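> Structure below; questions to follow.
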Amino acid sequence: MGVSEHGNWGAAKRFRLIIREQGQAREMGGNEMSLAVGIVDNIMMQALDLKASDIHLQPEREQLRIRFRQDGILHDNGQLPPEQAQNVLARLKLAAGMRIDEQREPQDGRIDMEYDDRKLSARASCVPCLNGEKFVMRLLDPQAMKVDLEGLGMPPEVKETWKDLIQVPYGLILVTGPTGSGKTSTLYASLNLLDRKKRNIVTVEDPIEYEFDDNIAQVQVTEKMGFPRVMRSFLRQDPDVMMVGEMRDPESLAIGIQAGLTGHLVLSTLHTNNAIESIGRMVDMEAEPYLISGVLVGIMAQRLVRRNCTKCAEPFPYTRDELESLGVTASDMPAAKLLKGKGCSECNGSGFKGRIGVYELIVGDRPLKQAIHNGAGYPELLATAKQQGFKSMQDDGKGKVLAGITTPDEVMKAVSTQAVE
């Protein structure tokens with residue numbers, strides 16, 4: 001890890017762990033374990049400098065392996081001998097408000113920190129494994145979540161339609177996709193466009209990844225206060241807009257649909273492969289088709305793909321098979337600008353830097369609502385959506401490949417879940 005024996009004194013000024021007790025925040029001490037203090041600081045600073053989203057500390061028989069997730073991919077970042085690993089885990093558990101002496105039960109917590117005067121936090125999870133405890137942190141950076149809709153990479157026509165949809169006074173709007181597909185960023189960026197001064201906006205989240213500056217009440221879900229309970233309480237608080245982190249069960253979906261029908265705008269997420277499948281998923285979750293058709297405003301599905309590194313991207317001759325799998329035809333080729341990153345110091349040799357979304361959007365217009373009401377199946381719903389000018393995530397990905405933003409392989413990996421029929 002390259003940590004000096006005397007602890008990491010440079011880091012102490014730039015990086016600090018913060019402990020909250022009875023509402024008071026103070027810097028976490030710990031000179032008696034100065035080597036562990038230095039190692040923890042170094043791991044955290046390295047991860048933040050590399051813009052990692054997660055830190056994995058995985059116990060193996062001879063060592064504790066350290067891995068960072070960057071742009072959705074896990075990379076090895078060194079290891080620690082077992083004798084140091086114990087102290088490092090103890091410090092992290094303390095910082096997360098976990099019990100140090102508990103090594104047989106899973107524990108969850110939250111770590112607050114400051115780095116170069118930025119306030120950051122991490123959601124922490126500790127699970128007992130064969131060789132020790134596996135400790136995983138999801139880094140939550142308010143700056144990274146401060147996204148606006150323009151920077152997400154939506155195709156212009158999708159972006160304009162979406163902006164119109166989120167301004168409707170009431171109904172249900174969904175963003176769908178697997179974990180880590182950028183759904184929360186889309187919802188946060190959408191909330192930022194709403195008028196907070198004249199409207200009461202509330203959110204129920206797990207976890208709260210970004211703190212809004214003003215006029216938005218945010219509630220963290222706990223075991224005692226699950227999504228349904230908080231949503232019911234919020235409906236007595238005269239809300240105009242309610243953002244629900246995730247519709248996990250029939251109960252939350254039923255409350256969300258009722259709220260949308262009774263004059264509230266509900267924004268939420270579902271875990272489905274694509275936009276049209278979300279309708280079938282809601283029916284599976286015991287929602288009546290006539291209620292879904294009555295409340296639906298729009299459904300956006302999305303994935304994240306890695307961007308070509310702008311420093312080292314160069315023209316690249318992709319094979320015909322690669323391009324045809326995306327639906328690229330001969331007529332697309334004259335205007336195509338096919339690029340691939342060859343790897344440089346800027347992107348750690350990967351050829352990729354950062355990520356961009358690929359999107360598809362269906363709008364709850366009259367024909368679609370009618371089809372849902374009639375209990376239409378997937379093929380009929382797809383045909384109805386195509387009449388709106390619906391383009392799939394694969395179509396959006398194809399456009400981004402032809403513009404040199406990403407590679408065919410990235411798009412196919414991201415959207416192939418919907419291609420497997």
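All residue names refer to the structure tokens as shown: chains lettered A, B, ... in order, residues numbered from 1 in each chain, ligands numbered from 1 in order.
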I need the residues in range 306-346 of chain A that are strand (DSSP E or B) according to DSSP; give them as a list in words.
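Here are the strand (DSSP E or B) residues of range 306-346 of chain A: Arg306, Arg307, Asn308, Ala313, Glu314, Pro315, Leu339, Lys340 and Gly341 of chain A.
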> Quick one: residues within 12 Å of Gly151 in chain A, only C-alpha atoms, excluding same-chain residues fewer than 3 positions away - as an mmCIF file with N, CA, C and O atoms, in the first residue's frame?

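Below is the file part-v1.cif, written as the result:
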data_model
loop_
_atom_site.group_PDB
_atom_site.id
_atom_site.type_symbol
_atom_site.label_atom_id
_atom_site.label_comp_id
_atom_site.auth_asym_id
_atom_site.auth_seq_id
_atom_site.Cartn_x
_atom_site.Cartn_y
_atom_site.Cartn_z
ATOM 1 N N ALA A 144 -20.546 14.404 -7.103
ATOM 2 C CA ALA A 144 -20.758 13.519 -8.263
ATOM 3 C C ALA A 144 -22.244 13.371 -8.565
ATOM 4 O O ALA A 144 -22.645 13.149 -9.699
ATOM 5 N N MET A 145 -23.089 13.476 -7.517
ATOM 6 C CA MET A 145 -24.531 13.328 -7.728
ATOM 7 C C MET A 145 -25.184 14.626 -8.173
ATOM 8 O O MET A 145 -26.354 14.659 -8.490
ATOM 9 N N LYS A 146 -24.406 15.721 -8.148
ATOM 10 C CA LYS A 146 -24.979 17.022 -8.505
ATOM 11 C C LYS A 146 -25.018 17.130 -10.029
ATOM 12 O O LYS A 146 -24.344 17.955 -10.637
ATOM 13 N N VAL A 147 -25.777 16.247 -10.635
ATOM 14 C CA VAL A 147 -25.796 16.176 -12.093
ATOM 15 C C VAL A 147 -26.979 16.974 -12.628
ATOM 16 O O VAL A 147 -27.991 17.125 -11.947
ATOM 17 N N ASP A 148 -26.827 17.464 -13.828
ATOM 18 C CA ASP A 148 -28.019 18.034 -14.458
ATOM 19 C C ASP A 148 -28.372 17.156 -15.660
ATOM 20 O O ASP A 148 -27.566 16.363 -16.138
ATOM 21 N N MET A 154 -28.691 11.809 -22.600
ATOM 22 C CA MET A 154 -29.951 11.405 -23.251
ATOM 23 C C MET A 154 -29.990 11.931 -24.682
ATOM 24 O O MET A 154 -29.550 13.058 -24.925
ATOM 25 N N PRO A 155 -30.539 11.159 -25.638
ATOM 26 C CA PRO A 155 -30.741 11.700 -26.990
ATOM 27 C C PRO A 155 -31.657 12.928 -26.890
ATOM 28 O O PRO A 155 -32.551 12.951 -26.025
ATOM 29 N N PRO A 156 -31.453 13.941 -27.735
ATOM 30 C CA PRO A 156 -32.199 15.205 -27.607
ATOM 31 C C PRO A 156 -33.718 15.025 -27.541
ATOM 32 O O PRO A 156 -34.377 15.618 -26.686
ATOM 33 N N LYS A 159 -34.717 13.603 -24.189
ATOM 34 C CA LYS A 159 -34.536 14.604 -23.114
ATOM 35 C C LYS A 159 -35.681 15.608 -23.105
ATOM 36 O O LYS A 159 -36.230 15.935 -22.053
ATOM 37 N N SER A 185 -29.310 8.924 -10.351
ATOM 38 C CA SER A 185 -28.803 10.181 -10.941
ATOM 39 C C SER A 185 -29.876 10.832 -11.799
ATOM 40 O O SER A 185 -30.060 12.056 -11.768
ATOM 41 N N THR A 186 -30.596 10.016 -12.578
ATOM 42 C CA THR A 186 -31.659 10.562 -13.436
ATOM 43 C C THR A 186 -32.762 11.197 -12.590
ATOM 44 O O THR A 186 -33.238 12.294 -12.899
ATOM 45 N N ALA A 189 -31.443 14.465 -11.011
ATOM 46 C CA ALA A 189 -31.356 15.520 -12.031
ATOM 47 C C ALA A 189 -32.752 16.030 -12.379
ATOM 48 O O ALA A 189 -32.947 17.224 -12.642
ATOM 49 N N SER A 190 -33.737 15.128 -12.364
ATOM 50 C CA SER A 190 -35.117 15.525 -12.680
ATOM 51 C C SER A 190 -35.698 16.395 -11.561
ATOM 52 O O SER A 190 -36.345 17.409 -11.823
ATOM 53 N N GLY A 354 -14.853 7.339 -17.577
ATOM 54 C CA GLY A 354 -16.205 7.844 -17.323
ATOM 55 C C GLY A 354 -17.259 6.972 -18.007
ATOM 56 O O GLY A 354 -16.935 6.058 -18.771
ATOM 57 N N ARG A 355 -18.517 7.287 -17.690
ATOM 58 C CA ARG A 355 -19.615 6.517 -18.288
ATOM 59 C C ARG A 355 -20.711 7.449 -18.795
ATOM 60 O O ARG A 355 -20.800 8.595 -18.377
ATOM 61 N N ILE A 356 -21.518 6.929 -19.697
ATOM 62 C CA ILE A 356 -22.631 7.705 -20.256
ATOM 63 C C ILE A 356 -23.837 6.765 -20.330
ATOM 64 O O ILE A 356 -23.668 5.538 -20.434
ATOM 65 N N GLY A 357 -25.032 7.307 -20.272
ATOM 66 C CA GLY A 357 -26.230 6.468 -20.285
ATOM 67 C C GLY A 357 -26.711 6.156 -21.696
ATOM 68 O O GLY A 357 -26.478 6.921 -22.633
#
> For the interface of range 146-231 of chain A with range 121-124 of chain A (cut-off 10 Å, counting only C-alpha atoms), please tabulate each contacting residue of range 146-231 of chain A alongside its nearest pair of atoms and their separation in Å to one decimal, rows sorted by chain and increasing number, as a tab-separated table.

residue	atom	partner	partner_atom	distance
A:Pro207	CA	A:Arg123	CA	7.7
A:Ile208	CA	A:Arg123	CA	9.6
A:Glu209	CA	A:Ser121	CA	8.6
A:Tyr210	CA	A:Ser121	CA	9.7
> I need the residues from that last selection saved to file as a PDB file, in the first residue's frame (with all heavy atoms), if you can.

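part11.pdb was written with the following content:
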ATOM      1  N   PRO A 207     -29.971   4.148   0.115  1.00  0.00           N
ATOM      2  CA  PRO A 207     -29.707   5.201   1.079  1.00  0.00           C
ATOM      3  C   PRO A 207     -29.940   6.578   0.458  1.00  0.00           C
ATOM      4  O   PRO A 207     -30.162   6.680  -0.754  1.00  0.00           O
ATOM      5  CB  PRO A 207     -28.213   5.015   1.329  1.00  0.00           C
ATOM      6  CG  PRO A 207     -27.686   4.605  -0.028  1.00  0.00           C
ATOM      7  CD  PRO A 207     -28.778   3.774  -0.654  1.00  0.00           C
ATOM      8  N   ILE A 208     -29.838   7.628   1.294  1.00  0.00           N
ATOM      9  CA  ILE A 208     -29.850   8.995   0.754  1.00  0.00           C
ATOM     10  C   ILE A 208     -28.449   9.251   0.202  1.00  0.00           C
ATOM     11  O   ILE A 208     -27.484   9.298   0.951  1.00  0.00           O
ATOM     12  CB  ILE A 208     -30.198  10.019   1.856  1.00  0.00           C
ATOM     13  CG1 ILE A 208     -31.639   9.793   2.330  1.00  0.00           C
ATOM     14  CG2 ILE A 208     -29.999  11.447   1.350  1.00  0.00           C
ATOM     15  CD1 ILE A 208     -32.061  10.649   3.507  1.00  0.00           C
ATOM     16  N   GLU A 209     -28.342   9.394  -1.121  1.00  0.00           N
ATOM     17  CA  GLU A 209     -27.015   9.521  -1.730  1.00  0.00           C
ATOM     18  C   GLU A 209     -26.585  10.979  -1.883  1.00  0.00           C
ATOM     19  O   GLU A 209     -25.416  11.273  -2.020  1.00  0.00           O
ATOM     20  CB  GLU A 209     -27.007   8.829  -3.104  1.00  0.00           C
ATOM     21  CG  GLU A 209     -27.171   7.325  -2.984  1.00  0.00           C
ATOM     22  CD  GLU A 209     -27.006   6.607  -4.307  1.00  0.00           C
ATOM     23  OE1 GLU A 209     -26.222   7.082  -5.154  1.00  0.00           O
ATOM     24  OE2 GLU A 209     -27.670   5.580  -4.499  1.00  0.00           O
ATOM     25  N   TYR A 210     -27.553  11.864  -1.897  1.00  0.00           N
ATOM     26  CA  TYR A 210     -27.223  13.266  -2.145  1.00  0.00           C
ATOM     27  C   TYR A 210     -28.187  14.136  -1.357  1.00  0.00           C
ATOM     28  O   TYR A 210     -29.389  13.905  -1.367  1.00  0.00           O
ATOM     29  CB  TYR A 210     -27.338  13.551  -3.643  1.00  0.00           C
ATOM     30  CG  TYR A 210     -27.328  15.017  -4.011  1.00  0.00           C
ATOM     31  CD1 TYR A 210     -26.199  15.796  -3.791  1.00  0.00           C
ATOM     32  CD2 TYR A 210     -28.442  15.627  -4.591  1.00  0.00           C
ATOM     33  CE1 TYR A 210     -26.189  17.134  -4.126  1.00  0.00           C
ATOM     34  CE2 TYR A 210     -28.435  16.971  -4.930  1.00  0.00           C
ATOM     35  CZ  TYR A 210     -27.307  17.725  -4.695  1.00  0.00           C
ATOM     36  OH  TYR A 210     -27.280  19.042  -5.027  1.00  0.00           O
TER      37      TYR A 210
END
> Do you have the CA of Lys369 in chain A-CA of Tyr290 in chain A distance handy?
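Distance reported for this atom pair: 8.5 Å.
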> Mind pulling up the distance from CA of Phe15 in chain A to CA of Leu89 in chain A?
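Rounded to one decimal, the two atoms are 17.8 Å apart.
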> If you run DSSP over the backbone, which residues in range 295-383 of chain A end up helix (DSSP H, G or I)? Put them as number ranges by chain.
A: 295, 320-326, 330-335, 345-347, 366-373, 378-383
> Would you list the contacts of Cys129 in chain A as a list in words, taking every protein, DNA or RNA residue within 12 Å and counting only C-alpha atoms, but skipping same-chain residues closer than 6 positions in sequence?
Leu57, Gln58, Pro59, Glu60, Arg61, Gln103, Arg104, Glu105, Pro106 and Phe135 of chain A
> If you count only C-alpha atoms, which residues fall within 9 Å of Arg248 in chain A, apart from same-chain ones fewer than 6 positions away, as a compact mmCIF listing (two decimals) with N, CA, C and O atoms, in the first residue's frame?

# COMPACT_ATOMS: atom_id res chain seq x y z
N PHE A 227 -40.38 1.46 3.20
CA PHE A 227 -40.96 2.34 2.17
C PHE A 227 -42.46 2.58 2.38
O PHE A 227 -42.91 3.72 2.40
N THR A 269 -38.40 4.04 -9.06
CA THR A 269 -37.62 3.12 -9.89
C THR A 269 -38.14 1.70 -9.73
O THR A 269 -38.73 1.34 -8.71
N LEU A 270 -37.90 0.89 -10.76
CA LEU A 270 -38.21 -0.55 -10.74
C LEU A 270 -36.99 -1.27 -11.30
O LEU A 270 -36.23 -0.70 -12.08
N HIS A 271 -36.84 -2.54 -10.93
CA HIS A 271 -35.77 -3.34 -11.53
C HIS A 271 -36.36 -4.20 -12.64
O HIS A 271 -36.87 -5.28 -12.39
> Report as a PyMOL selection string all protein, DNA and RNA residues lying within 12 Å of Glu83 in chain A, evaluated on only C-alpha atoms, omitting residues in the same chain fewer than 3 positions from it.
chain A and resi 35-36+59+62-64+79-80+86-90
> Ranking A:Val363, A:Val283, A:Ile292, A:Ala95 by minimum distance to Met113 in chain A and counting only C-alpha atoms, which one comes first?
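Ranked by minimum distance to Met113 in chain A, first place goes to A:Ala95.
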> Pick the closest to Ser181 in chain A from A:Met98, A:Met300, A:Val37, A:Ala403: which is it, counting only C-alpha atoms?
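Closest to Ser181 in chain A of all the choices is A:Met300.
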> If you count only C-alpha atoms, which residues fall within 8 Å of Leu267 in chain A, apart from same-chain ones fewer than 6 positions away, as a list of chain:residue names?
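Those residues are A:Leu172, A:Ile173, A:Leu174, A:Val175, A:Leu187, A:Val241, A:Met242, A:Met243, A:Val244.
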> Mind dumping the selected residues with C-alpha atoms as a PDB file, in the first residue's frame?

ATOM      1  CA  LEU A 172     -46.575   7.942 -11.945  1.00  0.00           C
ATOM      2  CA  ILE A 173     -43.192   8.231 -13.671  1.00  0.00           C
ATOM      3  CA  LEU A 174     -40.758   5.302 -13.527  1.00  0.00           C
ATOM      4  CA  VAL A 175     -37.048   4.856 -14.256  1.00  0.00           C
ATOM      5  CA  LEU A 187     -34.199  11.071 -10.641  1.00  0.00           C
ATOM      6  CA  VAL A 241     -44.120  15.507  -5.590  1.00  0.00           C
ATOM      7  CA  MET A 242     -42.905  12.291  -3.967  1.00  0.00           C
ATOM      8  CA  MET A 243     -39.722  10.520  -5.021  1.00  0.00           C
ATOM      9  CA  VAL A 244     -39.629   6.885  -3.896  1.00  0.00           C
TER      10      VAL A 244
END
> Near Gly177 in chain A, counting only C-alpha atoms, which residues have an atom at most 6 Å away, once you skip same-chain residues fewer than 5 positions from it, shown as a ChimeraX atom specification?
/A:271-273,301-302
> The selected residues should be written to file as an mmCIF file, in the first residue's frame (atoms: N, CA and C atoms).

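Output contents, as saved in out.cif:
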data_model
loop_
_atom_site.group_PDB
_atom_site.id
_atom_site.type_symbol
_atom_site.label_atom_id
_atom_site.label_comp_id
_atom_site.auth_asym_id
_atom_site.auth_seq_id
_atom_site.Cartn_x
_atom_site.Cartn_y
_atom_site.Cartn_z
ATOM 1 N N HIS A 271 -36.835 -2.544 -10.930
ATOM 2 C CA HIS A 271 -35.766 -3.340 -11.532
ATOM 3 C C HIS A 271 -36.358 -4.199 -12.639
ATOM 4 N N THR A 272 -36.348 -3.693 -13.875
ATOM 5 C CA THR A 272 -36.783 -4.520 -15.011
ATOM 6 C C THR A 272 -35.800 -4.326 -16.154
ATOM 7 N N ASN A 273 -35.862 -5.223 -17.146
ATOM 8 C CA ASN A 273 -34.891 -5.180 -18.249
ATOM 9 C C ASN A 273 -35.100 -3.999 -19.177
ATOM 10 N N ALA A 301 -36.178 3.515 -19.441
ATOM 11 C CA ALA A 301 -35.227 2.444 -19.090
ATOM 12 C C ALA A 301 -33.838 2.932 -19.453
ATOM 13 N N GLN A 302 -32.836 2.530 -18.675
ATOM 14 C CA GLN A 302 -31.484 3.007 -18.970
ATOM 15 C C GLN A 302 -30.417 2.021 -18.530
#
> Looking at A:Phe212, A:Trp162, A:Tyr170, A:Tyr318, which one is nearest to Gly263 in chain A, with distances taken over only C-alpha atoms?
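Closest to Gly263 in chain A, using only C-alpha atoms: A:Tyr170.
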> Please, what distance in Å, to one decimal, runs between CA of Phe316 in chain A and CA of Ser392 in chain A?
25.1 Å
> So, with only C-alpha atoms as the atoms that count, which of A:Leu368, A:Val358, A:Ile276, A:Ala335 lies closest to Val295 in chain A?
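The answer is A:Leu368, which sits nearest to Val295 in chain A.
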> Determine, using only C-alpha atoms, which residues of range 222-303 of chain A have any atom at most 10 Å from an atom of range 375-385 of chain A, and tabulate each with its shortest atom pair and distance in Å to one decimal place, rows ordered by chain and then rising number, as CSV.

residue,atom,partner,partner_atom,distance
A:Ala275,CA,A:Leu382,CA,9.7
A:Ile276,CA,A:Leu382,CA,6.9
A:Glu277,CA,A:Tyr378,CA,7.1
A:Ile279,CA,A:Tyr378,CA,8.9
A:Gly280,CA,A:Tyr378,CA,7.9
A:Val283,CA,A:Gly375,CA,9.3
A:Glu288,CA,A:Gly375,CA,9.5
A:Pro289,CA,A:Gly375,CA,6.4
A:Tyr290,CA,A:Gly375,CA,8.6
A:Ser293,CA,A:Gly375,CA,9.8
> Go ahead and dump the residues you just picked, N, CA, C and O atoms, as a PDB file, in the first residue's frame.

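Just written: part34.pdb:
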ATOM      1  N   ALA A 275     -38.218  -0.776 -20.717  1.00  0.00           N
ATOM      2  CA  ALA A 275     -39.356   0.075 -20.340  1.00  0.00           C
ATOM      3  C   ALA A 275     -40.684  -0.679 -20.442  1.00  0.00           C
ATOM      4  O   ALA A 275     -41.519  -0.617 -19.537  1.00  0.00           O
ATOM      5  N   ILE A 276     -40.879  -1.422 -21.536  1.00  0.00           N
ATOM      6  CA  ILE A 276     -42.188  -2.058 -21.762  1.00  0.00           C
ATOM      7  C   ILE A 276     -42.427  -3.201 -20.778  1.00  0.00           C
ATOM      8  O   ILE A 276     -43.540  -3.412 -20.304  1.00  0.00           O
ATOM      9  N   GLU A 277     -41.339  -3.914 -20.421  1.00  0.00           N
ATOM     10  CA  GLU A 277     -41.470  -5.003 -19.453  1.00  0.00           C
ATOM     11  C   GLU A 277     -41.972  -4.519 -18.092  1.00  0.00           C
ATOM     12  O   GLU A 277     -42.531  -5.293 -17.318  1.00  0.00           O
ATOM     13  N   ILE A 279     -44.401  -2.730 -17.391  1.00  0.00           N
ATOM     14  CA  ILE A 279     -45.870  -2.791 -17.278  1.00  0.00           C
ATOM     15  C   ILE A 279     -46.275  -4.185 -16.794  1.00  0.00           C
ATOM     16  O   ILE A 279     -47.066  -4.331 -15.856  1.00  0.00           O
ATOM     17  N   GLY A 280     -45.682  -5.231 -17.407  1.00  0.00           N
ATOM     18  CA  GLY A 280     -45.946  -6.598 -16.972  1.00  0.00           C
ATOM     19  C   GLY A 280     -45.493  -6.828 -15.535  1.00  0.00           C
ATOM     20  O   GLY A 280     -46.155  -7.535 -14.765  1.00  0.00           O
ATOM     21  N   VAL A 283     -48.053  -5.549 -13.160  1.00  0.00           N
ATOM     22  CA  VAL A 283     -49.195  -6.475 -13.081  1.00  0.00           C
ATOM     23  C   VAL A 283     -48.811  -7.667 -12.193  1.00  0.00           C
ATOM     24  O   VAL A 283     -49.600  -8.119 -11.351  1.00  0.00           O
ATOM     25  N   GLU A 288     -53.604  -3.524 -10.711  1.00  0.00           N
ATOM     26  CA  GLU A 288     -54.647  -3.758 -11.722  1.00  0.00           C
ATOM     27  C   GLU A 288     -54.319  -2.992 -13.004  1.00  0.00           C
ATOM     28  O   GLU A 288     -53.965  -1.806 -12.932  1.00  0.00           O
ATOM     29  N   PRO A 289     -54.462  -3.636 -14.188  1.00  0.00           N
ATOM     30  CA  PRO A 289     -54.152  -2.940 -15.446  1.00  0.00           C
ATOM     31  C   PRO A 289     -54.902  -1.610 -15.594  1.00  0.00           C
ATOM     32  O   PRO A 289     -54.339  -0.632 -16.084  1.00  0.00           O
ATOM     33  N   TYR A 290     -56.183  -1.539 -15.150  1.00  0.00           N
ATOM     34  CA  TYR A 290     -56.921  -0.282 -15.336  1.00  0.00           C
ATOM     35  C   TYR A 290     -56.345   0.843 -14.471  1.00  0.00           C
ATOM     36  O   TYR A 290     -56.387   2.022 -14.847  1.00  0.00           O
ATOM     37  N   SER A 293     -53.009   1.944 -16.256  1.00  0.00           N
ATOM     38  CA  SER A 293     -53.290   2.786 -17.431  1.00  0.00           C
ATOM     39  C   SER A 293     -53.772   4.168 -16.995  1.00  0.00           C
ATOM     40  O   SER A 293     -53.491   5.169 -17.650  1.00  0.00           O
TER      41      SER A 293
END
> Return the single residue from A:Gln167, A:Gln388, A:Thr179, A:Thr222 that is closest to Glu360 in chain A, with distances computed using only C-alpha atoms.
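Nearest candidate to Glu360 in chain A out of A:Gln167, A:Gln388, A:Thr179, A:Thr222: A:Gln388.
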